[in-house]
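Asker: Okay, handing you the structure first.
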Amino acid sequence: MASILAVCVVHALRPDPGPVGVTAIDKRAVTGPVRVGRYGLRADVQADRKFHGGEDQAVYVYGEDDAAHWARELGRDLPPGWFGENLRVAGLDPNEARIGERWRVGADVVLQVTGPRTPCATFARWVGGDDERGWVRRFRDEARVGAYLRVVHRGSVRAGDEVVVEQAAPAGAPTVREVLLA
């Protein structure tokens with residue numbers, strides 16, 4: 001059974017030398033239910049909606065298996081939210097999700113897979129230190145980037161909620177990984 005391990009929202013806006021001047025990548029797990037609306041999770045921020053936000057990138061989902069892979073590779077703990085994700089999931093590989101498939105999350109939220117997360121310079125700076133150089137390419141080349149989803153039906157989510165692929169993607173729809181590597 002696939003489930004949400006953590007629901008994450010912005011902890012603090014951080015100064016960033018990129019064009020927006022701040023980043024909302026510092027996300028942390030919260031307890032209790034969190035409302036999900038058209039642009040994502042309540043109490044979250046999308047500082048750069050041009051590249052990381054808006055309706056088609058309302059919710060960013062990252063897999064626990066991928067997080068564990070990077071924790072081993074980088075030799076450090078990578079808690080939920082470290083990748084800037086809103087939902088850390090187990091039992092489901094977001095990279096193998098097909099574009100257009102719909103997930104029921106908890107009792108009433110329905111999300112639709114829209115595409116891969118494209119790693120950026122802000123993400124490289126977030127990693128920091130010796131790992132920053134070449135990070136964007138390394139992260140992309142491993143094809144463990146997670147998926148963006150749009151909100152089809154609003155409601156609330158919390159850690160422990162079940163995630164069910166409710167509606168398959170159209171026939172022949174590519175996976176998130178295939179779109180990333182195309």
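A note on labels: chains of the structure tokens are A, B, ... as shown, every chain counts residues from 1, and ligands are counted from 1 in their shown order.
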Please list as a ChimeraX atom specification every residue within 7 Å of Ala29 in chain A, counting only C-alpha atoms and excluding residues in the same chain fewer than 3 positions away.
Answerer: /A:6-9,80-81
Asker: Please provide as a list in words all residues within 12 Å of Ser3 in chain A, with the sequence filter that same-chain residues fewer than 3 positions apart are discarded (counting only C-alpha atoms).
Answerer: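 So the residues in contact are Ala6, Val7, Val61, Tyr62, Gly63, Glu64, Leu87, Arg88, Val89, Ala90, Gly91, Leu92, Asp93, Trp103, Arg104, Val105, Gly106, Val157, Arg158, Ala159, Gly160, Asp161, Glu162, Val163, Val164 and Val165 of chain A.
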Asker: Can you pull out every residue within 10 Å of Ala97 in chain A, counting only C-alpha atoms, but drop anything in the same chain fewer than 6 positions away, and send it as a compact mmCIF listing (two decimals) with all heavy atoms, in the first residue's frame?
Answerer:
# COMPACT_ATOMS: atom_id res chain seq x y z
N TRP A 103 -4.24 10.29 -8.82
CA TRP A 103 -4.05 9.65 -7.52
C TRP A 103 -5.08 10.19 -6.55
O TRP A 103 -5.27 11.40 -6.43
CB TRP A 103 -2.68 9.98 -6.95
CG TRP A 103 -1.50 9.57 -7.75
CD1 TRP A 103 -1.46 8.84 -8.91
CD2 TRP A 103 -0.14 9.90 -7.47
NE1 TRP A 103 -0.18 8.68 -9.35
CE2 TRP A 103 0.67 9.33 -8.47
CE3 TRP A 103 0.47 10.62 -6.46
CZ2 TRP A 103 2.05 9.45 -8.49
CZ3 TRP A 103 1.86 10.75 -6.47
CH2 TRP A 103 2.63 10.16 -7.47
N GLN A 112 -3.36 14.91 -10.19
CA GLN A 112 -3.05 14.37 -11.51
C GLN A 112 -1.60 14.65 -11.85
O GLN A 112 -1.13 15.80 -11.74
CB GLN A 112 -3.96 14.99 -12.57
CG GLN A 112 -3.75 14.40 -13.95
CD GLN A 112 -4.74 14.96 -14.95
OE1 GLN A 112 -5.07 16.15 -14.91
NE2 GLN A 112 -5.22 14.12 -15.84
N VAL A 113 -0.89 13.62 -12.27
CA VAL A 113 0.53 13.73 -12.61
C VAL A 113 0.68 14.59 -13.87
O VAL A 113 0.03 14.34 -14.88
CB VAL A 113 1.14 12.33 -12.83
CG1 VAL A 113 2.60 12.45 -13.23
CG2 VAL A 113 0.98 11.47 -11.58
N THR A 114 1.55 15.61 -13.78
CA THR A 114 1.76 16.52 -14.91
C THR A 114 3.16 16.48 -15.49
O THR A 114 3.35 16.84 -16.64
CB THR A 114 1.44 17.98 -14.52
OG1 THR A 114 2.28 18.36 -13.43
CG2 THR A 114 -0.03 18.13 -14.15
N GLY A 115 4.17 16.06 -14.72
CA GLY A 115 5.51 16.00 -15.27
C GLY A 115 6.58 15.90 -14.20
O GLY A 115 6.29 15.86 -13.00
N PRO A 116 7.84 15.86 -14.65
CA PRO A 116 8.95 15.74 -13.71
C PRO A 116 9.34 17.09 -13.12
O PRO A 116 9.08 18.13 -13.70
CB PRO A 116 10.09 15.22 -14.60
CG PRO A 116 9.79 15.79 -15.95
CD PRO A 116 8.28 15.81 -16.04
N GLY A 146 11.35 12.96 -8.92
CA GLY A 146 10.00 13.12 -8.40
C GLY A 146 9.07 13.73 -9.42
O GLY A 146 9.45 13.99 -10.56
N ALA A 147 7.82 13.94 -9.01
CA ALA A 147 6.79 14.37 -9.95
C ALA A 147 6.02 15.58 -9.43
O ALA A 147 5.82 15.74 -8.23
CB ALA A 147 5.80 13.22 -10.18
N VAL A 165 -3.58 4.94 -7.03
CA VAL A 165 -3.72 5.35 -8.42
C VAL A 165 -5.16 5.04 -8.79
O VAL A 165 -5.56 3.89 -8.92
CB VAL A 165 -2.72 4.61 -9.35
CG1 VAL A 165 -2.97 5.02 -10.80
CG2 VAL A 165 -1.29 4.92 -8.94
N ALA A 168 -5.95 5.40 -14.46
CA ALA A 168 -4.75 5.23 -15.26
C ALA A 168 -4.63 6.37 -16.26
O ALA A 168 -5.62 7.02 -16.62
CB ALA A 168 -4.79 3.89 -15.98
N ALA A 169 -3.41 6.58 -16.72
CA ALA A 169 -3.15 7.58 -17.75
C ALA A 169 -3.69 7.10 -19.09
O ALA A 169 -3.92 5.89 -19.27
CB ALA A 169 -1.66 7.84 -17.84
N ALA A 173 0.73 7.00 -22.65
CA ALA A 173 1.27 8.17 -21.95
C ALA A 173 2.65 7.84 -21.40
O ALA A 173 2.87 6.75 -20.86
CB ALA A 173 0.34 8.59 -20.82
N PRO A 174 3.60 8.76 -21.53
CA PRO A 174 4.95 8.51 -21.02
C PRO A 174 5.00 8.60 -19.50
O PRO A 174 4.14 9.21 -18.87
CB PRO A 174 5.77 9.63 -21.65
CG PRO A 174 4.79 10.76 -21.80
CD PRO A 174 3.47 10.09 -22.12
N THR A 175 6.03 7.99 -18.92
CA THR A 175 6.26 8.13 -17.49
C THR A 175 6.96 9.45 -17.23
O THR A 175 7.49 10.09 -18.14
CB THR A 175 7.15 6.99 -16.94
OG1 THR A 175 8.47 7.13 -17.51
CG2 THR A 175 6.57 5.62 -17.23
N VAL A 176 6.97 9.85 -15.97
CA VAL A 176 7.69 11.05 -15.56
C VAL A 176 9.16 10.92 -15.96
O VAL A 176 9.76 11.85 -16.51
CB VAL A 176 7.54 11.27 -14.04
CG1 VAL A 176 8.51 12.29 -13.51
CG2 VAL A 176 6.09 11.65 -13.71
N ARG A 177 9.75 9.77 -15.73
CA ARG A 177 11.16 9.52 -16.07
C ARG A 177 11.38 9.66 -17.58
O ARG A 177 12.37 10.26 -18.02
CB ARG A 177 11.59 8.14 -15.58
CG ARG A 177 13.05 7.82 -15.83
CD ARG A 177 13.48 6.52 -15.18
NE ARG A 177 13.76 6.77 -13.77
CZ ARG A 177 13.16 6.14 -12.75
NH1 ARG A 177 12.26 5.21 -12.97
NH2 ARG A 177 13.48 6.43 -11.52
N GLU A 178 10.49 9.12 -18.38
CA GLU A 178 10.64 9.20 -19.84
C GLU A 178 10.58 10.65 -20.32
O GLU A 178 11.36 11.05 -21.19
CB GLU A 178 9.56 8.37 -20.53
CG GLU A 178 9.78 6.88 -20.38
CD GLU A 178 8.58 6.03 -20.79
OE1 GLU A 178 7.45 6.55 -20.92
OE2 GLU A 178 8.78 4.81 -20.97
Asker: Give me, as a PyMOL selection string, the residues of range 88-166 of chain A that a backbone DSSP run labels alpha helix (DSSP H).
Answerer: chain A and resi 121-127+135-141
Asker: From the options A:Val30, A:Leu149, A:Leu13, A:Ala24, which residue's atoms come nearest to Phe83 in chain A, counting only C-alpha atoms?
Answerer: A:Ala24
Asker: What is the distance, in Å and to one decimal place, between CA of Glu85 in chain A and CA of Val59 in chain A?
Answerer: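 Separation of CA of Glu85 in chain A and CA of Val59 in chain A: 7.7 Å.
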Asker: Compile the contact shell of Pro15 in chain A as an NGL selection string: residues with an atom at most 12 Å away, counting only C-alpha atoms, same-chain residues fewer than 4 positions apart removed.
Answerer: :A and (19-26 or 47 or 122 or 125-126)
Asker: Excluding Arg150 in chain A and its own-chain neighbours fewer than 4 positions away, which residues fall within 10 Å of it when counting only C-alpha atoms? Please give them as a PyMOL selection string.
Answerer: chain A and resi 37-40+53-60+100+102+110-115
Asker: Keeping only all heavy atoms, write those residues as a compact mmCIF listing (two decimals), in the first residue's frame.
Answerer:
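Printed below is again19.txt as written:
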# COMPACT_ATOMS: atom_id res chain seq x y z
N GLY A 37 -5.39 23.14 -1.93
CA GLY A 37 -6.20 23.96 -2.83
C GLY A 37 -5.62 23.96 -4.23
O GLY A 37 -4.68 23.22 -4.54
N ARG A 38 -6.14 24.79 -5.04
CA ARG A 38 -5.78 24.86 -6.46
C ARG A 38 -4.28 25.02 -6.70
O ARG A 38 -3.72 24.45 -7.64
CB ARG A 38 -6.55 26.03 -7.04
CG ARG A 38 -6.35 26.31 -8.45
CD ARG A 38 -7.37 27.36 -8.85
NE ARG A 38 -6.73 28.31 -9.73
CZ ARG A 38 -7.24 29.45 -10.09
NH1 ARG A 38 -8.40 29.82 -9.60
NH2 ARG A 38 -6.62 30.23 -10.90
N TYR A 39 -3.60 25.80 -5.86
CA TYR A 39 -2.16 26.03 -6.02
C TYR A 39 -1.31 25.23 -5.06
O TYR A 39 -0.14 25.52 -4.86
CB TYR A 39 -1.84 27.53 -5.88
CG TYR A 39 -2.33 28.32 -7.06
CD1 TYR A 39 -3.48 29.08 -6.98
CD2 TYR A 39 -1.66 28.28 -8.27
CE1 TYR A 39 -3.95 29.80 -8.07
CE2 TYR A 39 -2.11 28.99 -9.37
CZ TYR A 39 -3.25 29.75 -9.26
OH TYR A 39 -3.71 30.45 -10.35
N GLY A 40 -1.88 24.21 -4.42
CA GLY A 40 -1.10 23.35 -3.56
C GLY A 40 -1.52 23.39 -2.11
O GLY A 40 -2.69 23.63 -1.80
N GLY A 53 5.80 26.07 -9.90
CA GLY A 53 4.54 26.39 -9.26
C GLY A 53 3.43 26.55 -10.27
O GLY A 53 3.53 26.09 -11.40
N GLY A 54 2.39 27.20 -9.82
CA GLY A 54 1.22 27.34 -10.65
C GLY A 54 0.35 26.09 -10.55
O GLY A 54 0.64 25.16 -9.80
N GLU A 55 -0.71 26.06 -11.30
CA GLU A 55 -1.66 24.96 -11.20
C GLU A 55 -1.09 23.62 -11.65
O GLU A 55 -1.44 22.59 -11.08
CB GLU A 55 -2.92 25.30 -11.99
CG GLU A 55 -3.72 26.42 -11.36
CD GLU A 55 -4.99 26.73 -12.09
OE1 GLU A 55 -5.57 25.83 -12.73
OE2 GLU A 55 -5.42 27.90 -12.02
N ASP A 56 -0.25 23.61 -12.67
CA ASP A 56 0.29 22.34 -13.16
C ASP A 56 1.45 21.81 -12.32
O ASP A 56 1.89 20.68 -12.53
CB ASP A 56 0.74 22.46 -14.62
CG ASP A 56 -0.44 22.50 -15.58
OD1 ASP A 56 -1.56 22.12 -15.17
OD2 ASP A 56 -0.26 22.90 -16.74
N GLN A 57 1.95 22.62 -11.41
CA GLN A 57 3.03 22.19 -10.51
C GLN A 57 2.63 22.54 -9.07
O GLN A 57 3.44 23.02 -8.29
CB GLN A 57 4.35 22.87 -10.88
CG GLN A 57 4.82 22.49 -12.27
CD GLN A 57 6.11 23.19 -12.64
OE1 GLN A 57 6.55 24.14 -12.00
NE2 GLN A 57 6.72 22.74 -13.71
N ALA A 58 1.39 22.27 -8.75
CA ALA A 58 0.84 22.67 -7.45
C ALA A 58 1.41 21.84 -6.30
O ALA A 58 1.61 22.35 -5.20
CB ALA A 58 -0.67 22.56 -7.46
N VAL A 59 1.67 20.56 -6.55
CA VAL A 59 2.16 19.66 -5.50
C VAL A 59 3.36 18.89 -6.05
O VAL A 59 3.30 18.32 -7.14
CB VAL A 59 1.05 18.67 -5.07
CG1 VAL A 59 1.57 17.69 -4.01
CG2 VAL A 59 -0.17 19.42 -4.55
N TYR A 60 4.44 18.90 -5.27
CA TYR A 60 5.64 18.16 -5.65
C TYR A 60 5.76 16.95 -4.74
O TYR A 60 5.72 17.07 -3.52
CB TYR A 60 6.87 19.07 -5.52
CG TYR A 60 8.20 18.39 -5.75
CD1 TYR A 60 8.38 17.45 -6.76
CD2 TYR A 60 9.30 18.71 -4.96
CE1 TYR A 60 9.61 16.85 -6.97
CE2 TYR A 60 10.53 18.12 -5.16
CZ TYR A 60 10.69 17.19 -6.17
OH TYR A 60 11.91 16.59 -6.38
N GLY A 100 -0.74 12.16 -16.64
CA GLY A 100 -2.19 12.12 -16.76
C GLY A 100 -2.88 11.19 -15.78
O GLY A 100 -4.09 11.30 -15.59
N ARG A 102 -4.27 9.73 -12.31
CA ARG A 102 -4.80 10.43 -11.14
C ARG A 102 -4.62 9.59 -9.90
O ARG A 102 -4.84 8.38 -9.92
CB ARG A 102 -6.28 10.73 -11.34
CG ARG A 102 -6.50 11.79 -12.40
CD ARG A 102 -7.94 12.17 -12.50
NE ARG A 102 -8.09 13.23 -13.49
CZ ARG A 102 -9.19 13.94 -13.64
NH1 ARG A 102 -10.24 13.71 -12.87
NH2 ARG A 102 -9.25 14.87 -14.55
N VAL A 110 -7.75 14.55 -4.93
CA VAL A 110 -7.37 13.87 -6.16
C VAL A 110 -6.33 14.75 -6.86
O VAL A 110 -6.55 15.95 -7.06
CB VAL A 110 -8.58 13.62 -7.10
CG1 VAL A 110 -8.13 12.97 -8.40
CG2 VAL A 110 -9.61 12.75 -6.39
N LEU A 111 -5.20 14.13 -7.21
CA LEU A 111 -4.10 14.81 -7.88
C LEU A 111 -3.86 14.14 -9.23
O LEU A 111 -4.07 12.94 -9.37
CB LEU A 111 -2.83 14.73 -7.04
CG LEU A 111 -2.92 15.25 -5.61
CD1 LEU A 111 -1.62 14.96 -4.85
CD2 LEU A 111 -3.23 16.74 -5.60
N GLN A 112 -3.36 14.91 -10.19
CA GLN A 112 -3.05 14.37 -11.51
C GLN A 112 -1.60 14.65 -11.85
O GLN A 112 -1.13 15.80 -11.74
CB GLN A 112 -3.96 14.99 -12.57
CG GLN A 112 -3.75 14.40 -13.95
CD GLN A 112 -4.74 14.96 -14.95
OE1 GLN A 112 -5.07 16.15 -14.91
NE2 GLN A 112 -5.22 14.12 -15.84
N VAL A 113 -0.89 13.62 -12.27
CA VAL A 113 0.53 13.73 -12.61
C VAL A 113 0.68 14.59 -13.87
O VAL A 113 0.03 14.34 -14.88
CB VAL A 113 1.14 12.33 -12.83
CG1 VAL A 113 2.60 12.45 -13.23
CG2 VAL A 113 0.98 11.47 -11.58
N THR A 114 1.55 15.61 -13.78
CA THR A 114 1.76 16.52 -14.91
C THR A 114 3.16 16.48 -15.49
O THR A 114 3.35 16.84 -16.64
CB THR A 114 1.44 17.98 -14.52
OG1 THR A 114 2.28 18.36 -13.43
CG2 THR A 114 -0.03 18.13 -14.15
N GLY A 115 4.17 16.06 -14.72
CA GLY A 115 5.51 16.00 -15.27
C GLY A 115 6.58 15.90 -14.20
O GLY A 115 6.29 15.86 -13.00
Asker: When you count only C-alpha atoms, which of these residues is closest to Leu41 in chain A: A:Asn95, A:Glu101, A:His69, A:Val10?
Answerer: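 Of A:Asn95, A:Glu101, A:His69, A:Val10, the one nearest Leu41 in chain A is A:Val10, counting only C-alpha atoms.
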